[in-house]
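All remarks here apply to the structure that follows.
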There are 12 protein chains.
Amino acid sequence: MRVLVLHGPNLNLLGEREPHIYGSQTLAEVNEQISTEARQLGLDVQCEQHNGEGQLIDALHAARKQYAGVIINPGAYAHYSYAIADAITAIGLPVVEVHLSNITSREPFRRKSVTASACRAVVSGLGASGYVLALRALAGTLEK
Amino acid sequence: MRVLVLHGPNLNLLGEREPHIYGSQTLAEVNEQISTEARQLGLDVQCEQHNGEGQLIDALHAARKQYAGVIINPGAYAHYSYAIADAITAIGLPVVEVHLSNITSREPFRRKSVTASACRAVVSGLGASGYVLALRALAGTLEK
Amino acid sequence: MRVLVLHGPNLNLLGEREPHIYGSQTLAEVNEQISTEARQLGLDVQCEQHNGEGQLIDALHAARKQYAGVIINPGAYAHYSYAIADAITAIGLPVVEVHLSNITSREPFRRKSVTASACRAVVSGLGASGYVLALRALAGTLEK
Amino acid sequence: MRVLVLHGPNLNLLGEREPHIYGSQTLAEVNEQISTEARQLGLDVQCEQHNGEGQLIDALHAARKQYAGVIINPGAYAHYSYAIADAITAIGLPVVEVHLSNITSREPFRRKSVTASACRAVVSGLGASGYVLALRALAGTLEK
Amino acid sequence: MRVLVLHGPNLNLLGEREPHIYGSQTLAEVNEQISTEARQLGLDVQCEQHNGEGQLIDALHAARKQYAGVIINPGAYAHYSYAIADAITAIGLPVVEVHLSNITSREPFRRKSVTASACRAVVSGLGASGYVLALRALAGTLEK
Amino acid sequence: MRVLVLHGPNLNLLGEREPHIYGSQTLAEVNEQISTEARQLGLDVQCEQHNGEGQLIDALHAARKQYAGVIINPGAYAHYSYAIADAITAIGLPVVEVHLSNITSREPFRRKSVTASACRAVVSGLGASGYVLALRALAGTLEK
Amino acid sequence: MRVLVLHGPNLNLLGEREPHIYGSQTLAEVNEQISTEARQLGLDVQCEQHNGEGQLIDALHAARKQYAGVIINPGAYAHYSYAIADAITAIGLPVVEVHLSNITSREPFRRKSVTASACRAVVSGLGASGYVLALRALAGTLEK
Amino acid sequence: MRVLVLHGPNLNLLGEREPHIYGSQTLAEVNEQISTEARQLGLDVQCEQHNGEGQLIDALHAARKQYAGVIINPGAYAHYSYAIADAITAIGLPVVEVHLSNITSREPFRRKSVTASACRAVVSGLGASGYVLALRALAGTLEK
Amino acid sequence: MRVLVLHGPNLNLLGEREPHIYGSQTLAEVNEQISTEARQLGLDVQCEQHNGEGQLIDALHAARKQYAGVIINPGAYAHYSYAIADAITAIGLPVVEVHLSNITSREPFRRKSVTASACRAVVSGLGASGYVLALRALAGTLEK
Amino acid sequence: MRVLVLHGPNLNLLGEREPHIYGSQTLAEVNEQISTEARQLGLDVQCEQHNGEGQLIDALHAARKQYAGVIINPGAYAHYSYAIADAITAIGLPVVEVHLSNITSREPFRRKSVTASACRAVVSGLGASGYVLALRALAGTLEK
Amino acid sequence: MRVLVLHGPNLNLLGEREPHIYGSQTLAEVNEQISTEARQLGLDVQCEQHNGEGQLIDALHAARKQYAGVIINPGAYAHYSYAIADAITAIGLPVVEVHLSNITSREPFRRKSVTASACRAVVSGLGASGYVLALRALAGTLEK
Amino acid sequence: MRVLVLHGPNLNLLGEREPHIYGSQTLAEVNEQISTEARQLGLDVQCEQHNGEGQLIDALHAARKQYAGVIINPGAYAHYSYAIADAITAIGLPVVEVHLSNITSREPFRRKSVTASACRAVVSGLGASGYVLALRALAGTLEK
């Protein structure tokens, strides 16, 4: 079973960007951690990162036929991209939204996620291990 | 006389995506229907679809010198893309906005179209035939 | 097949009232244009104009048994008449809302149409030819 | 003792209009039920229905000298007609507002009743029997 | 020179309705006071009162060809009737809005007048003598 | 058939607390009046009063298996207790909300009832007789 | 009987400042016109102009013992100076607020006057003759 | 290491209450599932459920000295209980908030969690397995 | 003369909870300080602390017959508990609200106190000595 | 140790202005009461009153080098003067804000104090004795 | 060519007031820096500072005939002084608004400048060198 | 020292797009002007223009290691692109935002810049010379 992990804008700078908020692991290290967990769960995981809204929509569309589920960290797009939300709804796959930090305890604009409404579940504030837990959650769902 | 038809994000999934809202015609079928009508009206029509906000702006800019009018379905960008709205104003062509569903009877965030303010007219809720009517409307305008 | 065209408040002054916004055709001329198109489409069209909210509701109710569809330009009532919106829902006919000007690019209060939510479709900003296109759209719907 | 029952816009379609919300009794049947109850309470009841805001105000004014109390279902006017609210205050009679459905559990715009503020009491969500209870309540008040 | 004085909803109850707010003069007495002043100013004044929004719009339309100016007290319609506001704009005459009470010191909903925006001037809180002053103001304008 | 009457916070002070708003009957007297009516309707009524939000939820839960319907006056909890609203929904019984005063004509915060949205009906402004009418309404519903 | 006319900020530039909005009369000319009218009405009028909020409050306080009424054009302070509003209430004299332009048809921030709520009446949109009418109105009030 | 699992209002009805939203497992079954997982993680888990806001605060306080971390599902209190939020902050333990359903895709009032802001992380929409993942997340944190 | 001091939710953790905001005195020490002052003022003071909203309402009710005045620190309930506000109004005693920190300079939600509106006075930001000053203020009031 | 007491706009009218709200003591009497208390506390107090916003800022600036603390009643400026708030922050002295009436139970605009956010503490609703208590509070602070 | 530099409230404390936000240069030093630059640009510069709103308006008025342009730092008045905004519009000179700090990244109330709307340009966040750049910008404008 | 100048959406049409707002210089000419100034300041400047949000983020990321500072005109993205704001924060370079027109005096949506909050400074309304001044400002900063 295949799962796509989609990292949104600015996540390529992970580890260097505001480490007090986002942690000091690089994206490569996070992806490695996700892959290790995936192997243990018997899942085939693919990780991608895009800064463009259209690129993320393209990636979601491409996932439609090739993956059984998606984990997305839409970054700041979570707060205004109805186009990504529509893409999540359109592809009909189970999607889990992950945020590294607890978005409810930061700036007001980060408290609302318009993409989360289109997802099945949201995990926020667990740092990189949020991806791992989302993977587990998705694995549980996909097995059913 | 040439008219550009611009389809925005997620419209490439037409026919597969929430058919109870967006209908069961594919984008190719819709484009075919538009082209047929265009031929009858003596118009030369070009159809494009892009998921990226920047790509749609690029396409609008490119239309400036090559087309006499534009029909745009900005999809969810309609609700927040002031950049596309600026592009519509910037190119100075008559632009008609089309929405397949009646956006005023859906979720609150869909009730406001920031791109529509920059357009000459809006057609919403007529499904694929909305494009055809917009084409007619534009033809009438261009003839004057 | 019979279609009712309902013009709302102040539309009797068409052609004289702010022609830079609403055009210079009189209501009689607009109605004539609608009738011509109707004949071509094989539709039997009746045009009425009322300034009163109750009169428009009465007319919608009367249409229930006698018409197959309605085109309504609720004028300013569009922005607050939940009673007309309820009437549109109550009669169960396909109704298309038409506005001469593009209401999304005018004063803030005109950007929201509470009656449009009860309609099947909205055509806005095409001047008098908006009625003609609505008629075509309705004809297409009624044929199905 | 005389009581006026005033039905507002679209209530003439009762029984045919969205019966899952408003029930399947016609207005004539509801009025009959009200009259039966009135006779038992020794009240002289008059039932009227108007779609126009001005007509409802006229009816309220006329009630001033001829009735001891009023039951009003202002329909959708409840949500914006400050003119009807003023009329209720102006006539100085005890007025009870009745809504067939529970307006607090429907669309946001129905949750606020501006006319209710001018009334003595509100009964909402009890279907046609709401009128009967309002009659009883009014009878109790009038007796004092 | 002819001036129309239009009284809106509930003003027929003047003198009886909340006299602590609206004063104890009846509408007939107010109209008499207006007429007396008009004669002194050499104006031909006509006074009408309507409870219906549509009737007020009709009256405004009728004034278009027959009067040189209008004084309107839209009553509660002032707070939401965009249709009356459109009628005021549409007829192109100088219109002065009068309120008996000072609407800025009453309930919040009365603080905004949507019809006033379409008028040339507003007089509020001067009781019945507000009409007289509006007449004078209009006379001054019409003379120029 | 058994009905639970639940009085919320501060209602134990009835008769002593702001009698110009809430009347001069004590809670015991109101309960007596409810019981008398219940006996006439052949209903078995139980009256409870709690100041605590959790206690009211507990009481609603306990009613689930033992009562056929509930009448609740949530007092000020009506305006913010989503937890009580959830409890009303959760127990699946017909629930009627009663307010002694007309909450739509008091302070702004009292105009919205979040618990009412979860109820079948609302009776507001009829004083203690509101409970009696709610009982009748519930009796009618339960009989069906 | 003495009346104080208080001109607020920027009114000293009258005649030079945006004459399309405020007219081409200078403040001296306006004051002359007011004085002429005052003499005819047998009133003793004093005109002052201040740009400072504190100066206007000082002037209102000083008026308390020396004048029978005040006419104030608070200029832009009307839209936020609760301190001036408090001063108007504190002095207990009849105060009429005058605005040269119709503030309800200008920028949104000008539509609310917080000082007007503390005044007896408001005259807006009549240009300089608004002061004259306010004087008349005040004269009528003072005579009673 | 000890972890407290706190279930808030109405969760005692789990399995019976709106199973299409909250699933068909009872609270006992969910707690059993949590305990099983806890044993595997070598954690000592205690599960409590309270309908009262004060009881939940008491439980949080009691946890301060006895537990290393807390998992809380505040139910509807999440949306308004600043008192619980303060308690979470006050005890200084790592707290993870769990919601069975995805609260961002339900009624507007559920989209904001005021308690979540005081927590370290939030897991929403994963049903009962959300607790298990939160336990894992907490275990990871506590180990560090 | 007897005065009740009511401490709301989380105040039992005083001295341990965020001492940079709430100070390092424990509740026992604060109560001791209050009692000392009370003795000097010749007042009989009783201190209670409750985490439950219902418990605080119960305590307020109990105070009605036994105390001459109340000092309440409603903690976070201040920001939403209309039920406690109603209880304060219902008991008819002079009540002074105390907050340890200056609530106007903290998070937005803390800036509004709905209970304060029902109190006679508010003291905020003076730490524990705020209680002492409130006691003095109350003593002054009670003596009159 | 020196303390400045700053009275804001309209407080010079104390005793004459709305005595039901602000009490019947004159400002001179209040200042006398403050001075008496100051002498007992061994403080050197100076009282000033200004109606101008700039004057209050000037006075605050002047206090910077000459006083150890400030008590300010900003009157209505409390509700909008960010300039005074900035001045309070800028001078770096402990400042206590006093309001004679309980501003949370008056008009909505009085419920927010923008200057209070810059102060150390707020005392509201204790009439003139609020100043005395603020003096005590400040004395306590200054002694430390 | 003469340019007026107007410093608003609290800027006289520059260098002493929150230096982490506003820098450690005193106003005299800033003015010296401005003058040096002015000499290089061949401009005749005058610097003034006022804490009063009315004084700033007076200074703007005085500038009308004597200066070719104005640089203003309205301090906190920027956020609410429509009177200063009106003065800027009234004098018809090119005015550039300068803020030392980047007002868009501070408290919410500082993000809106009502005076900036009346200015030709805004420079924010460049510290004292913002004045120098504004001077250059103005010099460029004035030369044309 | 190297500086990147980033032009956002629609700026490629400069000189042709609404010249009354944005001026008649083309982007090439503006870039030329910037380069000339850069040479004088001894800076190495690179100018890019992108219509896509993702492209702008990519460009900001790329600047991180290669430039000492950035000047950005985010065009309409300024008003909603939290993703670009995050990128600005993430790269940790000094960034100055430039707008050709004064965005505070245009449509309401343009008055808020979400990207400006992440920048060090903002220059708005100075046309193309705004870039030059920003360059100077940045040069000053970089030198320190």
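The way I read the labels, and the way they are meant: chains A, B, ... in the order of the structure tokens, residue 1 as the first residue of every chain, and ligand 1 as the first ligand shown, with later ones counted on from there.
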Could you give me, as JSON lines, every chain K residue with an atom at most 6 Å from chain J, plus its closest atom pair and distance in Å to one decimal, counting only C-alpha atoms, rows ordered by chain then number?
```
{"residue": "K:Arg17", "atom": "CA", "partner": "J:Ala90", "partner_atom": "CA", "distance": 4.9}
{"residue": "K:Asn51", "atom": "CA", "partner": "J:Gly54", "partner_atom": "CA", "distance": 4.7}
{"residue": "K:Gly52", "atom": "CA", "partner": "J:Gly54", "partner_atom": "CA", "distance": 3.6}
{"residue": "K:Ala76", "atom": "CA", "partner": "J:Ala83", "partner_atom": "CA", "distance": 4.9}
```
Deliver the residues from the most recent selection as a file, using all heavy atoms, as a PDB file, in the first residue's frame.
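Saved as result-v1.pdb:
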```pdb
ATOM      1  N   ARG K  17      12.597  56.629  25.413  1.00  0.00           N
ATOM      2  CA  ARG K  17      11.361  55.862  25.399  1.00  0.00           C
ATOM      3  C   ARG K  17      11.551  54.565  24.613  1.00  0.00           C
ATOM      4  O   ARG K  17      11.858  54.588  23.435  1.00  0.00           O
ATOM      5  CB  ARG K  17      10.296  56.726  24.722  1.00  0.00           C
ATOM      6  CG  ARG K  17       9.042  56.046  24.323  1.00  0.00           C
ATOM      7  CD  ARG K  17       8.316  56.912  23.285  1.00  0.00           C
ATOM      8  NE  ARG K  17       7.068  56.299  22.879  1.00  0.00           N
ATOM      9  CZ  ARG K  17       6.458  56.503  21.730  1.00  0.00           C
ATOM     10  NH1 ARG K  17       6.984  57.336  20.864  1.00  0.00           N
ATOM     11  NH2 ARG K  17       5.339  55.880  21.433  1.00  0.00           N
ATOM     12  N   ASN K  51       2.557  67.458  21.140  1.00  0.00           N
ATOM     13  CA  ASN K  51       1.809  66.333  21.703  1.00  0.00           C
ATOM     14  C   ASN K  51       0.308  66.451  21.461  1.00  0.00           C
ATOM     15  O   ASN K  51      -0.412  65.458  21.554  1.00  0.00           O
ATOM     16  CB  ASN K  51       2.079  66.226  23.214  1.00  0.00           C
ATOM     17  CG  ASN K  51       3.470  65.712  23.501  1.00  0.00           C
ATOM     18  OD1 ASN K  51       3.971  64.841  22.781  1.00  0.00           O
ATOM     19  ND2 ASN K  51       4.115  66.246  24.542  1.00  0.00           N
ATOM     20  N   GLY K  52      -0.173  67.662  21.149  1.00  0.00           N
ATOM     21  CA  GLY K  52      -1.615  67.877  20.998  1.00  0.00           C
ATOM     22  C   GLY K  52      -2.093  67.684  19.575  1.00  0.00           C
ATOM     23  O   GLY K  52      -1.423  68.124  18.627  1.00  0.00           O
ATOM     24  N   ALA K  76       0.955  57.932  17.623  1.00  0.00           N
ATOM     25  CA  ALA K  76      -0.262  57.149  17.800  1.00  0.00           C
ATOM     26  C   ALA K  76      -1.487  57.801  17.183  1.00  0.00           C
ATOM     27  O   ALA K  76      -2.484  57.128  16.934  1.00  0.00           O
ATOM     28  CB  ALA K  76      -0.501  56.889  19.283  1.00  0.00           C
TER      29      ALA K  76
END
```
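Within segment 6-137 of chain K, DSSP run on the backbone puts these residues in strand (DSSP E or B): K:Leu6, K:His7, K:Asp44, K:Val45, K:Gln46, K:Cys47, K:Glu48, K:Gln49, K:Gly69, K:Val70, K:Ile71, K:Ile72, K:Asn73, K:Val95, K:Val96, K:Glu97, K:Val98, K:His99, K:Ala121, K:Val122, K:Val123, K:Ser124.
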Since we have the selection now, will you write its residues out, keeping N, CA, C and O atoms, as a short mmCIF file (atom, residue, chain, number, x, y, z; two decimals), in the first residue's frame?
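File produced: part00.cif:
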```
data_model
loop_
_atom_site.label_atom_id
_atom_site.label_comp_id
_atom_site.auth_asym_id
_atom_site.auth_seq_id
_atom_site.Cartn_x
_atom_site.Cartn_y
_atom_site.Cartn_z
N LEU K 6 7.10 67.42 10.94
CA LEU K 6 6.22 67.47 12.11
C LEU K 6 6.32 66.17 12.91
O LEU K 6 5.93 65.10 12.41
N HIS K 7 6.79 66.26 14.13
CA HIS K 7 6.84 65.08 15.00
C HIS K 7 5.63 65.11 15.93
O HIS K 7 5.36 66.12 16.57
N ASP K 44 15.26 73.81 2.67
CA ASP K 44 15.20 74.57 3.91
C ASP K 44 14.21 73.84 4.81
O ASP K 44 13.02 73.80 4.51
N VAL K 45 14.71 73.23 5.88
CA VAL K 45 13.85 72.36 6.68
C VAL K 45 13.55 72.96 8.04
O VAL K 45 14.43 73.59 8.66
N GLN K 46 12.31 72.79 8.52
CA GLN K 46 11.92 73.26 9.84
C GLN K 46 11.34 72.05 10.60
O GLN K 46 10.48 71.36 10.06
N CYS K 47 11.82 71.81 11.83
CA CYS K 47 11.33 70.66 12.60
C CYS K 47 10.53 71.14 13.82
O CYS K 47 11.01 71.99 14.57
N GLU K 48 9.35 70.55 14.02
CA GLU K 48 8.52 70.88 15.18
C GLU K 48 8.01 69.58 15.81
O GLU K 48 7.88 68.57 15.15
N GLN K 49 7.73 69.68 17.11
CA GLN K 49 7.13 68.52 17.79
C GLN K 49 5.97 69.00 18.65
O GLN K 49 6.09 70.00 19.35
N GLY K 69 6.18 71.23 1.13
CA GLY K 69 5.85 69.84 1.44
C GLY K 69 6.02 69.58 2.92
O GLY K 69 6.64 70.37 3.64
N VAL K 70 5.46 68.48 3.39
CA VAL K 70 5.49 68.17 4.82
C VAL K 70 5.87 66.71 5.02
O VAL K 70 5.44 65.83 4.26
N ILE K 71 6.69 66.46 6.03
CA ILE K 71 6.94 65.09 6.51
C ILE K 71 6.34 65.01 7.90
O ILE K 71 6.64 65.84 8.76
N ILE K 72 5.47 64.05 8.11
CA ILE K 72 4.80 63.95 9.40
C ILE K 72 4.96 62.56 9.99
O ILE K 72 4.82 61.55 9.31
N ASN K 73 5.30 62.52 11.28
CA ASN K 73 5.23 61.28 12.04
C ASN K 73 4.13 61.50 13.07
O ASN K 73 4.36 62.10 14.12
N VAL K 95 2.44 65.33 1.31
CA VAL K 95 2.81 64.96 2.67
C VAL K 95 3.27 63.50 2.68
O VAL K 95 2.64 62.65 2.06
N VAL K 96 4.39 63.23 3.35
CA VAL K 96 4.88 61.86 3.49
C VAL K 96 4.83 61.48 4.97
O VAL K 96 5.31 62.23 5.82
N GLU K 97 4.22 60.33 5.25
CA GLU K 97 4.12 59.87 6.64
C GLU K 97 5.30 58.95 6.96
O GLU K 97 5.63 58.05 6.18
N VAL K 98 5.92 59.19 8.11
CA VAL K 98 7.07 58.38 8.53
C VAL K 98 6.78 57.73 9.88
O VAL K 98 6.24 58.38 10.78
N HIS K 99 7.07 56.45 10.00
CA HIS K 99 7.05 55.78 11.31
C HIS K 99 8.42 55.18 11.56
O HIS K 99 8.99 54.55 10.66
N ALA K 121 2.59 59.24 0.50
CA ALA K 121 3.44 58.06 0.65
C ALA K 121 3.68 57.78 2.12
O ALA K 121 3.44 58.63 2.98
N VAL K 122 4.16 56.57 2.41
CA VAL K 122 4.42 56.14 3.77
C VAL K 122 5.76 55.41 3.82
O VAL K 122 6.03 54.57 2.97
N VAL K 123 6.56 55.74 4.82
CA VAL K 123 7.83 55.05 5.04
C VAL K 123 7.81 54.57 6.48
O VAL K 123 7.63 55.36 7.41
N SER K 124 7.97 53.27 6.69
CA SER K 124 7.76 52.71 8.02
C SER K 124 8.81 51.66 8.33
O SER K 124 9.07 50.77 7.52
#
```
**OP:** Write out as JSON, numbers by chain each polymer residue whose atoms come within 12 Å of segment 27-29 of chain E, counting only C-alpha atoms; drop sequence neighbours fewer than 4 positions from it.
**Re:** {"E": [5, 6, 7, 8, 10, 11, 12, 13, 14, 15, 16, 17, 22, 23, 33, 34, 35, 36, 47, 48, 49, 100, 127, 128, 129, 131]}
